[in-house]
Amino acid sequence: MSGILSNSYPGMGPTGINPINEHMFSNIFSRLQHPQIPQIPKKEEEKKPDNEDDDGPDNAKVNLENMDLWDSFHQFGTEMVITKTGRRMFPSYKTRVTGLNPKAKYCMLMDISAADEPSLSRRYKYHNTRWMVAGKADPELPKRMYVHPDSPATGEQWMNRPCISFHKLKLTNNITDPHGHTILNSMHKYQPRFHIVRCNDLSRIHMTTFRTYIFKETQFIAVTAYQNEKITQLKIDHNPFAKGFRDAGAGKREKR
């Protein structure tokens with residue numbers, strides 16, 4: 001199944017730069033899970049974007065890998081454990097992309113945002129075998145963008161990959177995390193988002209147009225311990241690193 005090209009943001013401005021996204025990137029990129037991006041010297045700001053040398057068209061299409069696995073979790077309400085030191089997601093977020101310009105260079109990014117509309121943002125609790133609203137959401141934590149470590153690469157290189165994997169991204173509840181992990185609130189619902197940015201240079205990424213794709217099947221609730229025993233069992237059945245659960249049992253649900 002192909003991803004939904006997100007319409008969460010307004011259309012492109014007259015210069016081809018989405019002003020809201022540009023603002024978002026300028027704030028987020030100081031906290032990337034990637035080496036620090038240098039500031040752009042002012043004398044370079046009037047140069048043409050690097051990717052204009054490869055201005056052939058593209059028509060990117062994105063598919064989520066392991067869709068069946070994501071569906072099996074989604075039907076029960078996917079949960080992702082967050083820890084102080086950071087925990088990787090399972091299922092891992094992996095995509096396959098086609099339709100890129102083979103010669104142009106692209107950066108692949110991922111972030112995780114609140115799944116609820118801002119005006120309806122809520123906190124959840126697991127009660128009587130189901131998730132239910134428990135009140136107003138906690139204040140939103142600092143946003144962080146994860147840049148795929150192989151960015152930038154040509155469209156041909158990205159399309160020749162079996163998949164584009166974000167398995168190294170880690171989730172944490174440590175608001176002072178110094179490692180660039182994605183900071184989330186426990187018992188809140190989140191939506192991973194995949195971004196394609198056409199540019200040669202990471203330092204110019206905030207000046208470049210980008211497209212965002214979402215898969216509703218990847219929504220999850222962040223927890224510090226699994227709440228639904230069916231989710232625990234699915235993790236045990238499919239995650240090769242769930243040895244601790246197999247040896248010690250499912251563990252106790254977090255009391256909230």
# chains A, B, ... in the order shown; residues from 1 in each chain; ligands from 1
call {"tool": "closest_atom_pairs", "arguments": {"of": "region 198-240 of chain A", "to": "region 94-104 of chain A", "cutoff": "9 Å", "atoms": "only C-alpha atoms", "output": "JSON lines"}}
result
{"residue": "A:Arg198", "atom": "CA", "partner": "A:Ala104", "partner_atom": "CA", "distance": 7.3}
{"residue": "A:Cys199", "atom": "CA", "partner": "A:Ala104", "partner_atom": "CA", "distance": 7.7}
{"residue": "A:Asn200", "atom": "CA", "partner": "A:Ala104", "partner_atom": "CA", "distance": 7.9}
call {"tool": "select_by_dssp", "arguments": {"residues": "region 42-160 of chain A", "states": "helix (DSSP H, G or I)", "output": "list of chain:residue names"}}
result
A:Lys42, A:Lys43, A:Glu44, A:Asp50, A:Asn51, A:Glu52, A:Asp53, A:Asp54, A:Met67, A:Asp68, A:Leu69, A:Trp70, A:Asp71, A:Ser72, A:Phe73, A:His74, A:Pro118, A:Ser119, A:Leu120, A:Gly155, A:Glu156, A:Gln157, A:Trp158, A:Met159
call {"tool": "residues_around", "arguments": {"residues": "Gly135 (chain A)", "least_positions_apart": "3", "cutoff": "12 Å", "atoms": "only C-alpha atoms", "output": "PyMOL selection string"}}
result
chain A and resi 120-125+132+138+187-188
call {"tool": "atom_distance", "arguments": {"atom1": "CA of Thr209 (chain A)", "atom2": "CA of Phe166 (chain A)"}}
result
21.4 Å
call {"tool": "closest_residue", "arguments": {"among": "A:Phe73, A:Tyr126, A:Trp158, A:Phe194", "to": "Tyr93 (chain A)", "atoms": "only C-alpha atoms"}}
result
A:Phe194
call {"tool": "residues_around", "arguments": {"residues": "Ser72 (chain A)", "least_positions_apart": "6", "cutoff": "10 Å", "atoms": "only C-alpha atoms", "output": "ChimeraX atom specification"}}
result
/A:78,217,231,234
call {"tool": "closest_residue", "arguments": {"among": "A:Met89, A:Met145, A:Leu184, A:Ala222", "to": "Trp70 (chain A)", "atoms": "only C-alpha atoms"}}
result
A:Met89
call {"tool": "atom_distance", "arguments": {"atom1": "CA of Glu79 (chain A)", "atom2": "CA of Lys136 (chain A)"}}
result
19.4 Å
